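Below is structure01.txt, holding compact mmCIF, C-alpha atoms.
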```txt
# COMPACT_ATOMS: atom_id res chain seq x y z
CA MET L 266 -8.92 -49.00 82.95
CA SER L 267 -7.47 -47.38 79.89
CA SER L 268 -4.79 -49.14 78.00
CA THR L 269 -1.79 -47.95 79.89
CA GLN L 270 -3.53 -47.26 83.16
CA SER L 271 -1.37 -49.66 85.10
CA CYS L 272 1.84 -48.83 83.38
CA CYS L 273 1.73 -45.12 82.89
CA SER L 274 -1.62 -43.52 83.52
CA VAL L 275 -3.63 -43.29 86.70
CA PRO L 276 -6.68 -41.15 87.37
CA SER L 277 -5.69 -37.57 88.03
CA ASP L 278 -7.37 -35.06 90.32
CA THR L 279 -8.47 -31.90 88.56
CA GLY L 280 -6.59 -28.79 89.54
CA GLY L 281 -3.66 -30.63 91.15
CA SER L 282 -0.29 -31.88 90.03
CA ILE L 283 -0.38 -35.11 88.06
CA VAL L 284 3.05 -35.93 89.41
CA ASP L 285 1.85 -35.57 93.01
CA PHE L 286 -1.13 -37.79 92.29
CA TYR L 287 1.10 -40.42 90.69
CA ARG L 288 3.43 -40.35 93.69
CA GLN L 289 0.56 -40.92 96.15
CA TYR L 290 -1.09 -43.57 94.01
CA TYR L 291 1.95 -45.69 93.33
CA SER L 292 3.17 -45.47 96.92
CA LYS L 293 0.08 -47.55 97.78
CA TRP L 294 1.18 -50.26 95.34
CA ARG L 295 4.37 -50.91 97.35
CA VAL L 296 5.92 -52.23 94.15
CA PHE L 297 7.75 -49.33 92.51
CA ALA L 298 10.36 -47.24 94.31
CA GLU L 299 10.79 -43.53 93.64
CA THR L 300 14.29 -42.77 92.35
CA ALA L 301 14.17 -39.16 91.16
CA THR L 302 11.93 -36.10 91.12
CA VAL L 303 12.92 -33.04 89.12
CA ASN L 304 11.11 -29.70 89.33
CA GLY L 305 12.40 -27.21 86.82
CA CYS L 306 11.45 -24.58 84.30
CA ARG L 307 9.98 -27.24 81.99
CA GLY L 308 7.64 -28.75 84.60
CA GLU L 309 7.73 -31.69 87.00
CA ARG L 310 9.13 -35.16 86.47
CA LEU L 311 8.84 -38.29 88.63
CA ARG L 312 10.70 -41.55 87.94
CA LEU L 313 9.92 -44.88 89.60
CA GLU L 314 11.82 -48.14 89.24
CA LEU L 315 11.20 -51.75 90.19
CA PRO L 316 13.55 -52.94 92.96
CA GLN L 317 15.42 -56.22 92.65
CA GLY L 318 13.18 -59.18 93.40
CA LYS L 319 10.01 -57.53 92.10
CA GLY L 320 10.99 -57.19 88.47
CA ARG L 321 12.91 -54.81 86.28
CA GLY L 322 12.22 -51.57 84.50
CA TRP L 323 10.86 -48.11 85.11
CA MET L 324 7.89 -45.79 84.99
CA GLU L 325 7.99 -42.02 84.52
CA MET L 326 5.42 -39.24 84.86
CA ILE L 327 5.98 -35.76 83.47
CA GLN L 328 3.81 -32.66 83.69
CA ILE L 329 4.74 -30.16 81.00
CA ASP L 330 3.25 -27.14 79.26
CA ARG L 331 -0.07 -25.92 80.76
CA GLY L 332 -0.49 -29.12 82.78
CA LEU L 333 -0.26 -31.55 79.88
CA GLY L 334 0.60 -34.90 81.45
CA VAL L 335 2.78 -37.60 79.92
CA GLY L 336 3.24 -41.08 81.39
CA MET L 337 5.69 -43.68 80.12
CA CYS L 338 6.72 -47.16 81.16
CA ASP L 339 8.97 -50.06 80.23
CA TYR L 340 8.95 -52.81 82.87
CA LEU L 341 8.33 -56.44 83.70
CA LEU L 342 6.81 -57.77 86.94
CA GLU L 343 8.00 -61.05 88.44
CA ALA L 344 4.64 -61.72 90.12
CA PRO L 345 1.05 -61.09 88.98
CA PHE L 346 -0.52 -57.86 90.15
CA GLU L 347 -4.11 -56.87 90.90
CA SER L 348 -5.44 -53.47 91.93
CA ARG L 349 -8.68 -51.63 92.58
CA TYR L 350 -9.27 -47.90 92.60
CA ASN L 351 -11.98 -45.35 92.03
CA ASP L 352 -11.63 -43.47 88.76
CA VAL L 353 -11.82 -39.76 89.55
CA SER L 354 -10.42 -38.44 86.29
CA LEU L 355 -12.05 -35.55 84.49
CA ARG L 356 -9.24 -35.40 81.96
CA LEU L 357 -9.27 -36.59 78.40
CA GLY L 358 -6.60 -39.26 78.06
CA PHE L 359 -5.02 -41.01 75.10
CA HIS L 360 -3.11 -44.22 75.75
CA VAL L 361 -0.87 -46.32 73.53
CA LEU L 362 0.14 -49.77 74.75
CA LEU L 363 3.18 -50.82 72.72
CA SER L 364 3.71 -54.27 74.19
CA GLY L 365 2.32 -56.46 76.94
CA GLY L 366 -1.26 -56.92 77.97
CA PHE L 367 -3.63 -56.73 80.93
CA GLU L 368 -7.28 -56.96 81.86
CA PHE L 369 -9.49 -54.32 83.44
CA ALA L 370 -13.10 -54.28 84.52
CA VAL L 371 -15.69 -51.67 85.50
CA PRO L 372 -18.17 -53.58 87.73
CA GLU L 373 -20.77 -50.79 87.74
CA MET L 374 -21.12 -51.08 83.97
CA ASP L 375 -20.60 -54.84 83.75
CA PHE L 376 -17.67 -54.03 81.48
CA ARG L 377 -14.54 -56.16 81.07
CA GLU L 378 -11.82 -55.87 78.48
CA ASN L 379 -8.48 -57.45 77.62
CA VAL L 380 -5.95 -54.96 76.34
CA GLN L 381 -3.06 -56.04 74.11
CA GLY L 382 -0.06 -54.29 72.61
CA ARG L 383 -0.23 -51.91 69.64
CA GLU L 384 -3.66 -50.54 70.57
CA LEU L 385 -4.68 -46.92 70.97
CA TRP L 386 -7.21 -46.12 73.68
CA LEU L 387 -9.03 -43.04 74.74
CA HIS L 388 -10.67 -42.40 78.08
CA LYS L 389 -12.93 -39.70 79.44
CA GLY L 390 -15.23 -39.50 82.42
CA ARG L 391 -15.76 -41.09 85.79
CA VAL L 392 -16.66 -44.75 85.71
CA GLY L 393 -16.59 -45.68 89.39
CA GLU L 394 -14.44 -48.52 90.67
CA ILE L 395 -11.93 -50.01 88.24
CA ARG L 396 -10.32 -53.41 88.74
CA TYR L 397 -7.01 -54.10 87.07
CA MET L 398 -5.16 -57.41 86.59
CA GLN L 399 -1.67 -57.74 85.10
CA PRO L 400 0.15 -61.06 84.55
CA ALA L 401 3.77 -61.73 85.49
CA GLY L 402 6.55 -62.07 82.95
CA CYS L 403 4.94 -59.61 80.52
CA VAL L 404 7.00 -56.66 79.25
CA MET L 405 4.76 -53.61 79.59
CA ARG L 406 5.72 -50.70 77.35
CA GLY L 407 3.36 -47.81 76.88
CA LEU L 408 2.70 -44.10 76.79
CA SER L 409 -0.19 -41.90 77.92
CA ILE L 410 -1.05 -38.27 77.25
CA GLU L 411 -3.58 -36.53 79.50
CA LEU L 412 -5.04 -33.18 78.52
CA PRO L 413 -6.05 -30.63 81.18
CA SER L 414 -9.47 -29.06 80.78
CA ALA L 415 -8.06 -25.63 79.82
CA MET L 416 -6.16 -27.14 76.91
CA VAL L 417 -9.19 -29.16 75.80
CA ASP L 418 -11.39 -26.04 75.86
CA ALA L 419 -8.88 -24.05 73.81
CA TRP L 420 -8.52 -26.86 71.31
CA LEU L 421 -12.29 -27.33 70.95
CA ASP L 422 -12.71 -23.67 70.07
CA GLY L 423 -10.53 -24.12 67.02
CA ALA L 424 -11.58 -27.62 65.97
CA PRO L 425 -13.31 -28.15 62.59
CA GLY L 426 -17.08 -28.56 62.67
CA GLU L 427 -17.59 -32.33 62.61
CA LEU L 428 -14.56 -33.07 64.80
CA GLY L 429 -15.51 -30.27 67.18
CA ARG L 430 -19.06 -31.56 67.60
CA ALA L 431 -17.90 -35.12 68.24
CA LEU L 432 -15.33 -34.00 70.79
CA GLU L 433 -17.72 -31.62 72.48
CA ALA L 434 -20.19 -34.46 72.94
CA MET L 435 -17.41 -36.63 74.34
CA ILE L 436 -16.05 -33.97 76.71
CA GLN L 437 -19.46 -32.88 77.97
CA GLY L 438 -20.54 -36.47 78.59
CA THR L 439 -23.37 -36.41 76.04
CA HIS L 440 -21.73 -39.04 73.87
CA GLN L 441 -23.72 -42.22 74.50
CA ALA L 442 -22.19 -45.61 73.90
CA CYS L 443 -23.65 -49.08 74.16
CA GLY L 444 -21.52 -51.76 75.77
CA GLN L 445 -21.87 -55.49 75.36
CA THR L 446 -24.90 -55.59 77.64
CA GLY L 447 -26.70 -52.81 75.76
CA ARG L 448 -26.45 -50.54 78.80
CA VAL L 449 -25.95 -46.89 77.92
CA PHE L 450 -23.21 -44.93 79.66
CA SER L 451 -21.49 -41.59 79.11
CA PRO L 452 -17.80 -42.21 79.90
CA LEU L 453 -15.85 -43.22 76.83
CA ILE L 454 -13.35 -46.07 77.02
CA GLN L 455 -12.65 -47.17 73.50
CA ALA L 456 -9.92 -49.21 71.81
CA VAL L 457 -8.98 -48.78 68.20
CA PRO L 458 -6.10 -50.23 66.18
CA GLY L 459 -3.04 -48.02 66.63
CA THR L 460 -1.57 -46.73 63.40
CA SER L 461 2.06 -47.46 62.63
CA SER L 462 3.00 -43.78 62.81
CA ILE L 463 1.48 -43.41 66.27
CA VAL L 464 3.26 -46.54 67.49
CA ARG L 465 6.58 -45.34 66.06
CA SER L 466 6.24 -41.91 67.68
CA ALA L 467 5.34 -43.42 71.06
CA SER L 468 8.34 -45.78 70.88
CA ARG L 469 10.61 -42.89 70.01
CA LEU L 470 9.35 -40.87 72.99
CA LEU L 471 10.17 -43.71 75.37
CA ALA L 472 13.76 -43.76 74.13
CA MET L 473 14.37 -39.99 74.05
CA PRO L 474 16.68 -38.35 76.62
CA ARG L 475 14.94 -35.83 78.88
CA ASP L 476 17.74 -34.38 81.01
CA THR L 477 18.77 -31.04 79.49
CA VAL L 478 16.51 -28.14 78.55
CA CYS L 479 17.12 -28.87 74.86
CA ASP L 480 16.24 -32.54 75.42
CA GLN L 481 13.03 -31.50 77.15
CA LEU L 482 12.08 -29.12 74.34
CA ARG L 483 12.57 -31.84 71.72
CA PHE L 484 10.59 -34.26 73.89
CA GLU L 485 7.70 -31.81 74.31
CA SER L 486 7.69 -31.07 70.58
CA LEU L 487 7.29 -34.77 69.76
CA VAL L 488 4.58 -35.15 72.41
CA LEU L 489 2.58 -32.34 70.80
CA GLU L 490 3.20 -33.82 67.34
CA LEU L 491 1.92 -37.20 68.52
CA LEU L 492 -1.08 -35.56 70.18
CA ALA L 493 -1.96 -33.77 66.94
CA ARG L 494 -1.76 -37.06 65.05
CA ILE L 495 -4.00 -38.79 67.57
CA LEU L 496 -6.55 -35.96 67.57
CA SER L 497 -6.90 -36.24 63.82
CA PHE L 498 -7.49 -39.99 64.06
CA ASP L 499 -10.86 -41.24 62.81
CA PHE L 500 -12.15 -43.11 65.84
CA PRO L 501 -14.73 -45.73 64.91
CA SER L 502 -18.23 -45.65 66.28
CA TRP L 503 -19.36 -47.79 69.18
CA GLN L 504 -21.51 -49.65 66.68
CA GLY L 505 -18.33 -50.64 64.87
CA ARG L 506 -16.69 -51.59 68.15
CA ALA L 507 -19.70 -53.72 69.08
CA ARG L 508 -19.38 -55.55 65.76
CA SER L 509 -15.68 -56.12 66.42
CA THR L 510 -16.39 -57.44 69.92
CA ALA L 511 -19.12 -59.75 68.58
CA ARG L 512 -16.71 -61.05 65.92
CA ARG L 513 -14.14 -61.86 68.61
CA ARG L 514 -16.74 -63.78 70.62
CA GLU L 515 -17.77 -65.72 67.50
CA ALA L 516 -14.13 -66.56 66.78
CA VAL L 517 -13.59 -67.81 70.34
CA ASP L 518 -16.77 -69.91 70.15
CA GLU L 519 -15.49 -71.38 66.89
CA ALA L 520 -12.15 -72.19 68.55
CA VAL L 521 -13.97 -74.00 71.37
CA ASP L 522 -15.92 -76.05 68.82
CA ILE L 523 -12.71 -76.97 66.95
CA LEU L 524 -11.01 -78.17 70.14
CA CYS L 525 -14.05 -80.18 71.18
CA ALA L 526 -13.93 -81.95 67.82
CA GLU L 527 -10.15 -82.30 67.56
CA TRP L 528 -9.01 -82.69 71.16
CA ALA L 529 -7.14 -85.94 70.36
CA ASP L 530 -4.86 -84.07 67.93
CA PRO L 531 -5.47 -80.38 68.61
CA PRO L 532 -4.02 -77.62 66.41
CA THR L 533 -1.30 -75.38 67.79
CA ILE L 534 -2.42 -72.02 69.16
CA SER L 535 -1.02 -70.21 66.13
CA ALA L 536 -2.80 -72.62 63.75
CA LEU L 537 -6.02 -72.28 65.73
CA ALA L 538 -5.78 -68.49 65.61
CA ARG L 539 -5.34 -68.60 61.83
CA ARG L 540 -8.32 -70.91 61.40
CA VAL L 541 -10.69 -68.66 63.34
CA GLY L 542 -9.19 -65.43 61.97
CA LEU L 543 -8.15 -63.90 65.29
CA ASN L 544 -4.93 -62.49 66.71
CA GLU L 545 -3.21 -65.02 69.04
CA CYS L 546 -3.25 -62.63 72.01
CA TYR L 547 -6.97 -61.91 71.57
CA LEU L 548 -7.68 -65.62 71.14
CA LYS L 549 -5.87 -66.59 74.33
CA ALA L 550 -7.43 -63.78 76.37
CA GLY L 551 -10.91 -64.31 74.93
CA PHE L 552 -10.67 -68.07 75.40
CA ARG L 553 -9.85 -67.68 79.09
CA ASN L 554 -12.76 -65.26 79.53
CA ARG L 555 -15.10 -67.66 77.73
CA THR L 556 -14.06 -70.90 79.47
CA GLY L 557 -12.14 -69.85 82.57
CA LEU L 558 -9.22 -71.94 81.29
CA SER L 559 -6.24 -71.49 79.04
CA ILE L 560 -6.32 -73.32 75.70
CA GLY L 561 -3.92 -75.97 77.01
CA GLU L 562 -5.94 -76.44 80.19
CA TYR L 563 -9.12 -76.81 78.16
CA VAL L 564 -7.59 -79.51 75.96
CA ARG L 565 -6.44 -81.41 79.08
CA LYS L 566 -9.94 -81.11 80.49
CA LEU L 567 -11.44 -82.63 77.33
CA ARG L 568 -8.90 -85.45 77.41
CA MET L 569 -9.53 -86.27 81.05
CA GLU L 570 -13.30 -86.21 80.59
CA HIS L 571 -13.02 -88.55 77.61
CA ALA L 572 -10.63 -90.78 79.57
CA LEU L 573 -13.18 -91.13 82.37
CA GLU L 574 -15.88 -92.09 79.87
CA LEU L 575 -13.66 -94.79 78.36
CA ILE L 576 -12.66 -96.20 81.76
CA GLU L 577 -16.24 -96.27 83.05
CA SER L 578 -17.37 -98.05 79.87
CA GLY L 579 -15.18 -101.00 80.79
CA LYS L 580 -14.20 -101.53 77.16
CA CYS L 581 -10.57 -100.41 77.46
CA SER L 582 -7.67 -101.07 79.78
CA ILE L 583 -6.01 -98.15 81.54
CA LEU L 584 -3.05 -98.43 79.15
CA GLN L 585 -5.39 -98.28 76.15
CA VAL L 586 -7.17 -95.27 77.61
CA ALA L 587 -3.86 -93.51 78.26
CA LEU L 588 -2.78 -94.03 74.65
CA ALA L 589 -6.20 -92.94 73.36
CA VAL L 590 -5.98 -89.58 75.09
CA GLY L 591 -2.37 -88.89 74.15
CA TYR L 592 -0.28 -90.33 77.00
CA SER L 593 2.41 -92.88 76.12
CA ASN L 594 3.41 -93.31 79.78
CA PRO L 595 0.64 -94.86 81.97
CA SER L 596 2.13 -93.44 85.17
CA HIS L 597 2.05 -89.92 83.74
CA PHE L 598 -1.54 -90.50 82.67
CA SER L 599 -2.51 -91.76 86.14
CA ALA L 600 -0.96 -88.71 87.79
CA ALA L 601 -2.73 -86.33 85.39
CA PHE L 602 -6.02 -88.19 85.84
CA LYS L 603 -5.77 -87.97 89.63
CA ARG L 604 -4.99 -84.24 89.52
CA PHE L 605 -8.10 -83.64 87.44
CA HIS L 606 -10.59 -86.13 88.90
CA GLY L 607 -9.18 -86.47 92.41
CA ARG L 608 -8.82 -90.25 92.16
CA LEU L 609 -6.76 -92.81 90.28
CA PRO L 610 -8.04 -94.39 87.06
CA SER L 611 -8.15 -97.80 88.75
CA CYS L 612 -10.77 -96.47 91.18
CA CYS L 613 -13.10 -95.68 88.26
CA THR L 614 -13.14 -99.07 86.56
CA PRO L 615 -16.51 -100.90 86.65
CA LYS L 616 -16.88 -103.50 89.35
CA SER L 617 -17.09 -107.04 87.96
```
Representation of the structure as structure tokens:
Amino acid sequence: MSSTQSCCSVPSDTGGSIVDFYRQYYSKWRVFAETATVNGCRGERLRLELPQGKGRGWMEMIQIDRGLGVGMCDYLLEAPFESRYNDVSLRLGFHVLLSGGFEFAVPEMDFRENVQGRELWLHKGRVGEIRYMQPAGCVMRGLSIELPSAMVDAWLDGAPGELGRALEAMIQGTHQACGQTGRVFSPLIQAVPGTSSIVRSASRLLAMPRDTVCDQLRFESLVLELLARILSFDFPSWQGRARSTARRREAVDEAVDILCAEWADPPTISALARRVGLNECYLKAGFRNRTGLSIGEYVRKLRMEHALELIESGKCSILQVALAVGYSNPSHFSAAFKRFHGRLPSCCTPKS
């Protein structure tokens, strides 16, 4: 899933209204409620909001000049959300996630990615089934721009040589990219650091009024300005992305090694992130992918495993073991030990 797929961009059928597709897609979620649809001289507009009890915030989809699609969102879910759908998009899409984070996977390509705020993504091509997971309590703010094929064709005709060739390869599906497994695939789903100007423009678009004709004209002007800025962006190669992904994995592995060595007095998450040279959000997401546990859960696991070793050695009392693994209250230690091992510490002491 591209970076704002959940929050403001879903796959769009070619030849049809993006707004109609959004309406059908999100009605299956049974999470957002439609509040307003406006069809006027400047195109179509659909607004969805979260009802009380499910969260707060909104999502909006707009189809403007020549079918150019714009999706925006600013919401927070009170419960985690998971979804599956088949990507049927033939559009070229650019997505800016301003805040929040989620995970998506493409099983057919053995591809999984954690997306965090302030990233720019681009997406083109069918990739089969997409699985999307979004946590609760995370403010999702983002914007997507989807280009219809007619606009892409017209733009390609006037693009400079090197840019035109790169985009033509991307649009026609001849651009080959190697994922983590080395498997070659044509669809492009790529994350690159969002520039400050792109982030500022996307934030401004979310806050702009869109009610009057003049409001809509100003909105469309800024959308096209942002699109021009994105199209001139120097997207890195997949080789560069592979190096970045490998560096993240190395940083997570280093974090695991640090915690294994310093579990008795572990660094804070922010200190750990600084030591391995990784953004906190990427560290937490990558750590969970690597171990299946959060950083806190992993530290508790190390403590409980060490506690069991000490108890089974017969060299320490339960109170001494509790203190050794960071618990000043023996009853709290016993409860934590039982939750992890399924039995009380006293049941693990060697028989005399």
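Comparing the minimum interatomic distances between Arg513 of chain L and each of L:Ser559, L:Val335, L:Glu378, L:Arg604, counting all atoms listed in the file, we find that L:Glu378 sits nearest.
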Please, what distance in Å, to one decimal, runs between atom CA of Ala529 of chain L and atom CA of Pro400 of chain L?
29.6 Å
Using 12 Å as the limit and counting all atoms listed in the file, can you tabulate each residue of segment 325-390 of chain L that touches segment 473-485 of chain L, with its shortest atom-to-atom distance in Å and the two atoms involved, as CSV?
```
residue,atom,partner,partner_atom,distance
L:Glu325,CA,L:Arg475,CA,10.9
L:Met326,CA,L:Arg475,CA,11.7
L:Ile327,CA,L:Arg475,CA,10.1
L:Gln328,CA,L:Glu485,CA,10.2
L:Ile329,CA,L:Glu485,CA,7.5
L:Asp330,CA,L:Glu485,CA,8.1
L:Arg331,CA,L:Glu485,CA,11.7
L:Leu333,CA,L:Glu485,CA,9.7
L:Gly334,CA,L:Glu485,CA,10.5
L:Val335,CA,L:Glu485,CA,9.4
L:Met337,CA,L:Met473,CA,11.2
```
Near segment 515-519 of chain L, counting all atoms listed in the file, which residues have an atom at most 10 Å away, once you skip same-chain residues fewer than 5 positions from it, shown as a PyMOL selection string?
chain L and resi 509-510+524-525+537-538+540-543+547-556
Select, from L:Pro595, L:Gly336, L:Gly366, L:Gly561, the residue with the minimum atom-to-atom distance to Ser582 of chain L, counting all atoms listed in the file.
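Going through L:Pro595, L:Gly336, L:Gly366, L:Gly561 one by one, the smallest distance to Ser582 of chain L is for L:Pro595.
Between atom CA of Cys613 of chain L and atom CA of Leu584 of chain L the interatomic distance comes to 13.8 Å.
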Among L:Arg295, L:Arg349, L:His388, L:His606, Ala572 of chain L is approached most closely, using all atoms listed in the file, by L:His606
With all atoms listed in the file as the counted atoms, please give the residues lying no more than 6 Å from Gly402 of chain L, apart from itself and same-chain residues fewer than 4 positions off, as number ranges by chain.
L: 341-343
For the atom pair atom CA of Glu384 of chain L and atom CA of Ser364 of chain L, what is the interatomic distance in Å to one decimal place?
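For atom CA of Glu384 of chain L relative to atom CA of Ser364 of chain L, the distance reads 9.0 Å.
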Test item: residues at most 12 Å from Ala344 of chain L, all atoms listed in the file, excluding those fewer than 6 positions along its chain, as a JSON list (two decimals) with C-alpha atoms, in the coordinates of the input:
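Everything below was put into selection.json:
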```json
[["chain", "number", "residue", "atom", "x", "y", "z"],
["L", 296, "VAL", "CA", 5.92, -52.23, 94.15],
["L", 315, "LEU", "CA", 11.20, -51.75, 90.19],
["L", 318, "GLY", "CA", 13.18, -59.18, 93.40],
["L", 319, "LYS", "CA", 10.01, -57.53, 92.10],
["L", 320, "GLY", "CA", 10.99, -57.19, 88.47],
["L", 321, "ARG", "CA", 12.91, -54.81, 86.28],
["L", 398, "MET", "CA", -5.16, -57.41, 86.59],
["L", 399, "GLN", "CA", -1.67, -57.74, 85.10],
["L", 400, "PRO", "CA", 0.15, -61.06, 84.55],
["L", 401, "ALA", "CA", 3.77, -61.73, 85.49],
["L", 402, "GLY", "CA", 6.55, -62.07, 82.95],
["L", 403, "CYS", "CA", 4.94, -59.61, 80.52]]
```
Is it possible to get the residues within 10 Å of (0.8, -55.3, 98.4) (coordinates as in the file, counting only C-alpha atoms) written as a VMD selection string?
chain L and resid 293 to 296 346 to 348
Determine, counting only C-alpha atoms, which protein, DNA and RNA residues have an atom within 12 Å of an atom of segment 463-472 of chain L; residues of the same chain fewer than 2 positions away are not included. Present the result as an mmCIF file with C-alpha atoms, in the frame of the given file.
```cif
data_model
loop_
_atom_site.group_PDB
_atom_site.id
_atom_site.type_symbol
_atom_site.label_atom_id
_atom_site.label_comp_id
_atom_site.auth_asym_id
_atom_site.auth_seq_id
_atom_site.Cartn_x
_atom_site.Cartn_y
_atom_site.Cartn_z
ATOM 1 C CA CYS L 273 1.730 -45.120 82.890
ATOM 2 C CA TRP L 323 10.860 -48.110 85.110
ATOM 3 C CA MET L 324 7.890 -45.790 84.990
ATOM 4 C CA GLU L 325 7.990 -42.020 84.520
ATOM 5 C CA MET L 326 5.420 -39.240 84.860
ATOM 6 C CA VAL L 335 2.780 -37.600 79.920
ATOM 7 C CA GLY L 336 3.240 -41.080 81.390
ATOM 8 C CA MET L 337 5.690 -43.680 80.120
ATOM 9 C CA CYS L 338 6.720 -47.160 81.160
ATOM 10 C CA ASP L 339 8.970 -50.060 80.230
ATOM 11 C CA TYR L 340 8.950 -52.810 82.870
ATOM 12 C CA PHE L 359 -5.020 -41.010 75.100
ATOM 13 C CA HIS L 360 -3.110 -44.220 75.750
ATOM 14 C CA VAL L 361 -0.870 -46.320 73.530
ATOM 15 C CA LEU L 362 0.140 -49.770 74.750
ATOM 16 C CA LEU L 363 3.180 -50.820 72.720
ATOM 17 C CA SER L 364 3.710 -54.270 74.190
ATOM 18 C CA GLY L 382 -0.060 -54.290 72.610
ATOM 19 C CA ARG L 383 -0.230 -51.910 69.640
ATOM 20 C CA GLU L 384 -3.660 -50.540 70.570
ATOM 21 C CA LEU L 385 -4.680 -46.920 70.970
ATOM 22 C CA TRP L 386 -7.210 -46.120 73.680
ATOM 23 C CA ARG L 406 5.720 -50.700 77.350
ATOM 24 C CA GLY L 407 3.360 -47.810 76.880
ATOM 25 C CA LEU L 408 2.700 -44.100 76.790
ATOM 26 C CA SER L 409 -0.190 -41.900 77.920
ATOM 27 C CA ILE L 410 -1.050 -38.270 77.250
ATOM 28 C CA VAL L 457 -8.980 -48.780 68.200
ATOM 29 C CA PRO L 458 -6.100 -50.230 66.180
ATOM 30 C CA GLY L 459 -3.040 -48.020 66.630
ATOM 31 C CA THR L 460 -1.570 -46.730 63.400
ATOM 32 C CA SER L 461 2.060 -47.460 62.630
ATOM 33 C CA PRO L 474 16.680 -38.350 76.620
ATOM 34 C CA ARG L 475 14.940 -35.830 78.880
ATOM 35 C CA ASP L 480 16.240 -32.540 75.420
ATOM 36 C CA GLN L 481 13.030 -31.500 77.150
ATOM 37 C CA ARG L 483 12.570 -31.840 71.720
ATOM 38 C CA PHE L 484 10.590 -34.260 73.890
ATOM 39 C CA GLU L 485 7.700 -31.810 74.310
ATOM 40 C CA SER L 486 7.690 -31.070 70.580
ATOM 41 C CA LEU L 487 7.290 -34.770 69.760
ATOM 42 C CA VAL L 488 4.580 -35.150 72.410
ATOM 43 C CA LEU L 489 2.580 -32.340 70.800
ATOM 44 C CA GLU L 490 3.200 -33.820 67.340
ATOM 45 C CA LEU L 491 1.920 -37.200 68.520
ATOM 46 C CA LEU L 492 -1.080 -35.560 70.180
ATOM 47 C CA ALA L 493 -1.960 -33.770 66.940
ATOM 48 C CA ARG L 494 -1.760 -37.060 65.050
ATOM 49 C CA ILE L 495 -4.000 -38.790 67.570
ATOM 50 C CA LEU L 496 -6.550 -35.960 67.570
ATOM 51 C CA SER L 497 -6.900 -36.240 63.820
ATOM 52 C CA PHE L 498 -7.490 -39.990 64.060
#
```
